[in-house]
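Here the structure comes first, spelled out in structure tokens, and everything after it is commentary.
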Amino acid sequence: MRLLRLSIIILSLFGFYLASEGAINREALVSRHNPSVNSVNTRSPFTLGNGAFAFTADITGLQTLGKLYVKDGIPTLTMARWAWHTDPNPENYVLSDAFEWIDTHGKQIPYPTKANSKAGAWLRKNPHDVALSQIAFVDEEGYPLSPNDITHIHQNLDLWTGCLHSDFIWRGYKTHVDTVVDSKTDTVAFIIKSEAVPLGLLHIAIAFPKGFPSAMVNNPPLEWDESGHTTRILNQTSSSLNLERLRDDTHYFVTANWSSGNLVKKPNTSHAFIFIPDKSNESFEISVNYNQIRNQSPPRYFESKLNTALFWNSYWNTGACVDFSGSTDPRAFELERRIILSEYLTAVQFKGEVPPSETGLTCSSWVGKHNTEMVWWHVAHFALWGHANYTANALEWYNHHIKEAKDLAQSRGLTGARWPKMVGIDDRECPGGNPLIIWNQPHPIALAELLYRDDPSEITLKHWSNLVSETAECISSMLFWDDSTKRYILGPPIWIAQEIYDQKKSSNPTYELSYWAYALEVAQTWRERQHLPRNQDWDNKIKYLSKLPINEDRYVAIESIPDTWTNIQSRHDHPSFLMAYGVLPGVNVDKKIMKNTLDAVLTQWQWNTKIWGWDYPMIAMTATRLGEAEKAIDILLKDSPGNAYEVNGNCWQRQSLPLYLPANGSLLSAVALMVAGYDGSCEQPGIPKNGKWNVKAEGLKRLP
């Protein structure tokens, strides 16, 4: 205990020192946005995590009301990025079983587009993520607590320390719970103090589901079948329990330690246990560790609390920050809140063995698969906000899978490394329209460039140069020479970022053309940095690449079907052509035409149709580069579908996708551009100069 107090004192002094060095009081900035709820809010459970493991808690600090939350809002789950399951494959399906041979400029190329075949369905759903357990309060008879019996709720997440504090009254008994997820181990730990404990009325249950129903792709409920999985006791003492969990090839261990009391197996199930606290004390402590290795004893609560506080103090003190205090625009506080909570949520969920899914470790989306076109939105902001190690962690996955990507390229008649669109831990591409999406291909180059700008060293060049080169070689080989027009063409077949056009007829989309030109030029710059000659083939492709398609002084989504402004049905989904000058620095872009295009999007886009959370920050980035700061703020905070940020900071989309982390990541990238700017820009180019905004910033990096 003395060591603990000393560590806390040192931690406090460390934070005070860092805060005193800058103009911004970081602890005050972060803490004024500590989210809290005073009633059951099923859209705002709080997720605690260490980047690769997460525990989402309801208003009790545990997962007591799980059925209610999954029905009406965001589920309360325990998940790890290493936790995957694969159904048996008695038919021995392989990817070629889902192939369709598609004409690609005179060649028949196999693409696994047959998602609705038996083979395609199995390959698409496997492997899939799994939930590890649920930890909940139960009454003296082992029944779940009723939400009607819970009153006087007050729950607060301390962002500065990563500790969740939950207070409520159950059946008239005051109860307090502190919850943390250890920053060093996959452990969730609790201290529980309740007037119901000495009376023997309040117990804690840990239950293990079979998994998710594989028929549901997004936000599935838990399966509680008794059969098909095994929970085996390896060791049990008066204060600890060691379990082995098995389901087909899924295998992990769970170890629980508690302060005092008894453990009983829950009746009528092999997969649940009840901890009964000792009646001699109102307080009860329990820690639960999840691991792929046996006999990993979890740290006790106070050790986990210290580990977590140390991490979050370091995270907030060493990264960038933006302070809007003193602003009179009424939207400033809300923007600052979204920034802080987005920084928190992305750190909690974005550091696993596989780059994140769109819902991270809060719930399952696309059966846990990583959609690689989202990786820029997910992790680019870390390099801009002083946490480049998170960007590098995600990019390292690409570095480790270059061989598989080269094999995929070869199977498509390409050279270099082609990246799959939707993958799990096995790195196998998933069938469907996914293989025809291409805007994921240049992302590794763009992210490597952000890492170099953060650390322009020989070490950075050496570490990522092969990834940059092989990726550039592939995107170069995806361009086809059209002898009749004397230019290089991108597609068909391709599925562009605005996902509404016929993939087999699509060619020359605006955003993708600009991205190809940018990525190839960056790859050439990387060669020059290493004192290598420019690649002549890449230069030829850059020189003769098709121009960005225009119709009536506005960019259109795609040259082959240039109906963006003549067909209202083409004005929904992502206005992706704006990314050519916003996310990207505007290679081959005419600024006047792009300004016309932005104005047309703002006035004519169908906002009540399928719009996504990352569209709003993306458009704000375009407005910023065009010098339209007022429009940037307006669209970033537009009250519109897909742009609502809940109390917990999650961006709600719909019930099947109740949170959407690309929105949080894109918001942070947009703010970095708006405040820090881009190469050659003025200071704070996306902040209105109307006297209503007072913006202080530390540590933000500029974009290219």
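Letters A, B, ... go to the chains of the structure tokens in the order shown; residues in each chain start at 1; ligands are counted from 1 in the same order.
Residues of stretch 41-215 of chain A that DSSP places in helix (DSSP H, G or I), based on the backbone of this structure, are Gly66, Lys67, Leu68, Tyr69, Val70, Lys71, Asp72, Leu95, Ser96, Asp97, Ala98, Lys118, Ala119, Gly120, Ala121, Trp122, Leu123, Arg124, Lys125, Pro147, Asn148 and Asp149 of chain A.
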Checklist entry - Can you list, as a list in words, every protein, DNA or RNA residue that comes within 7 Å of A:Ile204 when you count only C-alpha atoms, leaving out same-chain residues fewer than 6 positions away? => result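 My list of contacting residues is Ala136, Phe137, Val138, Ile274, Phe275 and Ile276 of chain A.
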Convert the current residue selection to file output with N, CA, C and O atoms, as a PDB file, in the first residue's frame.
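Saved file selection.pdb follows:
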```
ATOM      1  N   ALA A 136     -22.173 -10.028 -14.152  1.00  0.00           N
ATOM      2  CA  ALA A 136     -23.402  -9.321 -13.784  1.00  0.00           C
ATOM      3  C   ALA A 136     -23.730  -9.508 -12.313  1.00  0.00           C
ATOM      4  O   ALA A 136     -23.359 -10.505 -11.690  1.00  0.00           O
ATOM      5  N   PHE A 137     -24.465  -8.542 -11.780  1.00  0.00           N
ATOM      6  CA  PHE A 137     -25.057  -8.708 -10.463  1.00  0.00           C
ATOM      7  C   PHE A 137     -26.276  -9.633 -10.571  1.00  0.00           C
ATOM      8  O   PHE A 137     -27.065  -9.552 -11.524  1.00  0.00           O
ATOM      9  N   VAL A 138     -26.424 -10.494  -9.579  1.00  0.00           N
ATOM     10  CA  VAL A 138     -27.638 -11.298  -9.441  1.00  0.00           C
ATOM     11  C   VAL A 138     -28.101 -11.202  -7.989  1.00  0.00           C
ATOM     12  O   VAL A 138     -27.331 -10.811  -7.099  1.00  0.00           O
ATOM     13  N   ILE A 274     -21.279 -18.264  -9.641  1.00  0.00           N
ATOM     14  CA  ILE A 274     -21.732 -17.154  -8.811  1.00  0.00           C
ATOM     15  C   ILE A 274     -20.758 -16.953  -7.654  1.00  0.00           C
ATOM     16  O   ILE A 274     -20.435 -17.896  -6.925  1.00  0.00           O
ATOM     17  N   PHE A 275     -20.281 -15.717  -7.522  1.00  0.00           N
ATOM     18  CA  PHE A 275     -19.439 -15.329  -6.393  1.00  0.00           C
ATOM     19  C   PHE A 275     -20.349 -14.762  -5.301  1.00  0.00           C
ATOM     20  O   PHE A 275     -21.116 -13.825  -5.552  1.00  0.00           O
ATOM     21  N   ILE A 276     -20.250 -15.315  -4.100  1.00  0.00           N
ATOM     22  CA  ILE A 276     -21.062 -14.861  -2.971  1.00  0.00           C
ATOM     23  C   ILE A 276     -20.136 -14.162  -1.981  1.00  0.00           C
ATOM     24  O   ILE A 276     -19.340 -14.805  -1.295  1.00  0.00           O
TER      25      ILE A 276
END
```
Next on the checklist: Which residues are near A:Leu241? Cut-off 6 Å, only C-alpha atoms, ignore same chain within fewer than 5 positions. Put them as a PyMOL selection string.
Outcome noted: chain A and resi 235-236+255-256
So that I have them on file, write out the residues from the current selection with C-alpha atoms, as a tab-separated table (two decimals), in the first residue's frame.
```tsv
chain	number	residue	atom	x	y	z
A	235	ASN	CA	-8.25	-25.20	-10.37
A	236	GLN	CA	-10.36	-23.72	-7.58
A	255	THR	CA	-8.72	-16.74	-14.05
A	256	ALA	CA	-10.65	-14.92	-11.33
```
Pull the closest atom pair for each residue of stretch 419-531 of chain A that gets at most 9 Å from stretch 574-592 of chain A, along with the distance in Å to one decimal, counting only C-alpha atoms, ordering rows by chain and then ascending residue number, as CSV.
```
residue,atom,partner,partner_atom,distance
A:Ile496,CA,A:Ser576,CA,8.6
A:Ala497,CA,A:Ser576,CA,6.0
A:Gln498,CA,A:His574,CA,5.0
A:Glu499,CA,A:His574,CA,7.7
A:Pro509,CA,A:Phe577,CA,7.6
A:Thr510,CA,A:Phe577,CA,5.2
A:Tyr511,CA,A:Phe577,CA,4.6
A:Glu512,CA,A:Ala580,CA,7.9
A:Leu513,CA,A:Ala580,CA,8.4
A:Ser514,CA,A:Val587,CA,5.6
A:Tyr515,CA,A:Ala580,CA,6.9
A:Ala517,CA,A:Val587,CA,6.6
A:Tyr518,CA,A:Val587,CA,6.0
```
Selection export as a PDB file, in the first residue's frame, atoms kept: C-alpha atoms:
```
ATOM      1  CA  ILE A 496     -15.737   2.880 -56.016  1.00  0.00           C
ATOM      2  CA  ALA A 497     -15.962   4.515 -52.591  1.00  0.00           C
ATOM      3  CA  GLN A 498     -19.473   5.751 -53.390  1.00  0.00           C
ATOM      4  CA  GLU A 499     -20.892   2.245 -53.392  1.00  0.00           C
ATOM      5  CA  PRO A 509     -13.666   7.503 -60.304  1.00  0.00           C
ATOM      6  CA  THR A 510     -12.536  10.984 -59.257  1.00  0.00           C
ATOM      7  CA  TYR A 511     -11.284  10.216 -55.756  1.00  0.00           C
ATOM      8  CA  GLU A 512      -9.488   7.026 -56.701  1.00  0.00           C
ATOM      9  CA  LEU A 513      -7.760   8.637 -59.702  1.00  0.00           C
ATOM     10  CA  SER A 514      -6.415  11.422 -57.501  1.00  0.00           C
ATOM     11  CA  TYR A 515      -5.377   8.911 -54.839  1.00  0.00           C
ATOM     12  CA  ALA A 517      -1.579   9.919 -58.597  1.00  0.00           C
ATOM     13  CA  TYR A 518      -0.798  10.981 -55.022  1.00  0.00           C
TER      14      TYR A 518
END
```
Next on the checklist: I'd like the neighbourhood of stretch 34-51 of chain A as a PyMOL selection string, where a residue qualifies if any of its atoms comes within 6 Å (using only C-alpha atoms), though same-chain residues fewer than 3 positions away should be ignored.
Outcome noted: chain A and resi 31+54-58+69+73-74+153-159+181+183+347-351+647-648
Checklist entry - Of the candidates A:Ala663, A:Ala623, A:Leu132, A:Leu65, which one gets nearest to A:Gly686 if we count only C-alpha atoms? => result A:Ala623
Next on the checklist: When you look at A:Pro330 with a cut-off of 10 Å (counting only C-alpha atoms), what residues show up, excluding the ones that are within fewer than 3 positions of it in the same chain? I need them as a VMD selection string.
Outcome noted: chain A and resid 327 333 to 335 692 to 693
Residues from last step as file, N, CA, C and O atoms, as a PDB file, in the first residue's frame:
```pdb
ATOM      1  N   SER A 327     -14.306  30.282 -26.310  1.00  0.00           N
ATOM      2  CA  SER A 327     -15.081  30.473 -27.535  1.00  0.00           C
ATOM      3  C   SER A 327     -16.525  30.810 -27.178  1.00  0.00           C
ATOM      4  O   SER A 327     -17.073  30.312 -26.181  1.00  0.00           O
ATOM      5  N   PHE A 333     -18.164  23.903 -27.368  1.00  0.00           N
ATOM      6  CA  PHE A 333     -18.062  22.926 -26.282  1.00  0.00           C
ATOM      7  C   PHE A 333     -18.395  21.526 -26.783  1.00  0.00           C
ATOM      8  O   PHE A 333     -17.736  20.548 -26.416  1.00  0.00           O
ATOM      9  N   GLU A 334     -19.408  21.419 -27.632  1.00  0.00           N
ATOM     10  CA  GLU A 334     -19.781  20.109 -28.161  1.00  0.00           C
ATOM     11  C   GLU A 334     -18.673  19.538 -29.038  1.00  0.00           C
ATOM     12  O   GLU A 334     -18.378  18.334 -28.967  1.00  0.00           O
ATOM     13  N   LEU A 335     -18.023  20.362 -29.849  1.00  0.00           N
ATOM     14  CA  LEU A 335     -16.914  19.877 -30.668  1.00  0.00           C
ATOM     15  C   LEU A 335     -15.765  19.408 -29.779  1.00  0.00           C
ATOM     16  O   LEU A 335     -15.172  18.351 -30.020  1.00  0.00           O
ATOM     17  N   LYS A 692     -15.712  34.412 -32.743  1.00  0.00           N
ATOM     18  CA  LYS A 692     -16.456  33.530 -31.847  1.00  0.00           C
ATOM     19  C   LYS A 692     -15.653  32.305 -31.417  1.00  0.00           C
ATOM     20  O   LYS A 692     -16.117  31.531 -30.584  1.00  0.00           O
ATOM     21  N   TRP A 693     -14.465  32.138 -32.016  1.00  0.00           N
ATOM     22  CA  TRP A 693     -13.687  30.937 -31.726  1.00  0.00           C
ATOM     23  C   TRP A 693     -12.343  31.322 -31.120  1.00  0.00           C
ATOM     24  O   TRP A 693     -11.611  32.145 -31.664  1.00  0.00           O
TER      25      TRP A 693
END
```
Next on the checklist: With only C-alpha atoms as the counted atoms, please give the residues lying no more than 9 Å from A:Phe190, apart from itself and same-chain residues fewer than 5 positions off, as a PyMOL selection string.
Outcome noted: chain A and resi 61-62+177-180+284-288+301
Checklist entry - Skipping near chain neighbours, those fewer than 5 positions away, what residues fall within 6 Å of A:Leu490 using only C-alpha atoms, listed as a list in words? => result Leu479, Ser507 and Asn508 of chain A
Residues as selected, N, CA and C atoms, written as a CSV table (one decimal), in the first residue's frame, can you do that?
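That gives us selection-v1.csv:
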```csv
chain,number,residue,atom,x,y,z
A,479,LEU,N,-3.5,0.0,-63.5
A,479,LEU,CA,-3.9,0.9,-64.5
A,479,LEU,C,-3.7,0.3,-65.9
A,507,SER,N,-15.4,2.9,-64.3
A,507,SER,CA,-14.0,3.2,-64.5
A,507,SER,C,-13.8,4.7,-64.3
A,508,ASN,N,-12.6,5.0,-63.9
A,508,ASN,CA,-12.1,6.4,-63.6
A,508,ASN,C,-12.9,7.2,-62.6
```
Checklist entry - Out of A:Ser342, A:Gln503, A:Ser469, A:Thr460, which residue has the shortest atom-to-atom distance to A:Gly649 when counting only C-alpha atoms? => result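 Among A:Ser342, A:Gln503, A:Ser469, A:Thr460, it is A:Ser342 that comes nearest to A:Gly649.
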Checklist entry - If you run DSSP on this backbone, which residues of stretch 465-505 of chain A come out as strand (DSSP E or B), and could you give them as a PyMOL selection string? => result chain A and resi 479-482+487-490+495
Residue selection dump (N, CA and C atoms) as an mmCIF file, in the first residue's frame:
```cif
data_model
loop_
_atom_site.group_PDB
_atom_site.id
_atom_site.type_symbol
_atom_site.label_atom_id
_atom_site.label_comp_id
_atom_site.auth_asym_id
_atom_site.auth_seq_id
_atom_site.Cartn_x
_atom_site.Cartn_y
_atom_site.Cartn_z
ATOM 1 N N LEU A 479 -3.520 -0.038 -63.470
ATOM 2 C CA LEU A 479 -3.872 0.927 -64.514
ATOM 3 C C LEU A 479 -3.726 0.279 -65.887
ATOM 4 N N PHE A 480 -4.686 0.566 -66.768
ATOM 5 C CA PHE A 480 -4.692 -0.021 -68.103
ATOM 6 C C PHE A 480 -4.544 1.073 -69.156
ATOM 7 N N TRP A 481 -3.714 0.805 -70.164
ATOM 8 C CA TRP A 481 -3.489 1.762 -71.246
ATOM 9 C C TRP A 481 -4.605 1.667 -72.267
ATOM 10 N N ASP A 482 -5.212 2.824 -72.559
ATOM 11 C CA ASP A 482 -6.236 2.906 -73.598
ATOM 12 C C ASP A 482 -5.608 3.566 -74.810
ATOM 13 N N ARG A 487 -4.157 7.253 -72.822
ATOM 14 C CA ARG A 487 -4.136 7.538 -71.388
ATOM 15 C C ARG A 487 -4.295 6.234 -70.616
ATOM 16 N N TYR A 488 -3.987 6.308 -69.311
ATOM 17 C CA TYR A 488 -4.188 5.170 -68.428
ATOM 18 C C TYR A 488 -5.542 5.283 -67.740
ATOM 19 N N ILE A 489 -6.219 4.159 -67.636
ATOM 20 C CA ILE A 489 -7.578 4.088 -67.098
ATOM 21 C C ILE A 489 -7.584 3.180 -65.877
ATOM 22 N N LEU A 490 -8.383 3.556 -64.891
ATOM 23 C CA LEU A 490 -8.546 2.766 -63.675
ATOM 24 C C LEU A 490 -9.909 2.086 -63.714
ATOM 25 N N TRP A 495 -15.236 -1.290 -57.600
ATOM 26 C CA TRP A 495 -16.318 -0.777 -56.770
ATOM 27 C C TRP A 495 -15.778 0.476 -56.110
#
```
Checklist entry - Do you have the atom CA of A:Tyr616-atom CA of A:Trp439 distance handy? => result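 Computed distance, atom CA of A:Tyr616 to atom CA of A:Trp439, equals 18.6 Å.
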Item to check | Top pick for closest residue to A:Leu77, considering A:Ala98, A:Leu201, A:Leu548, A:Leu222 and counting only C-alpha atoms | outcome: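 Ranking A:Ala98, A:Leu201, A:Leu548, A:Leu222 by distance to A:Leu77, first place goes to A:Leu222.
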Item to check | Option closest in space to A:Asn291, from A:Val367, A:Leu626, A:Ala405, A:Leu243 [counting only C-alpha atoms] | outcome: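 Checking each of A:Val367, A:Leu626, A:Ala405, A:Leu243 against A:Asn291, counting only C-alpha atoms, the winner is A:Leu243.
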Checklist entry - Taking only C-alpha atoms into account, which of A:His165, A:Arg247, A:Arg300, A:Arg124 comes nearest A:Thr187? => result A:Arg300
Item to check | Best match for closeness to A:Arg453 among A:Lys184, A:Lys701, A:Lys610, A:Arg171, counting only C-alpha atoms | outcome: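 Of the candidates, the smallest distance to A:Arg453 is held by A:Lys701.
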Checklist entry - How many Å lie between atom CA of A:Val130 and atom CA of A:Tyr252, rounded to one decimal? => result 11.4 Å
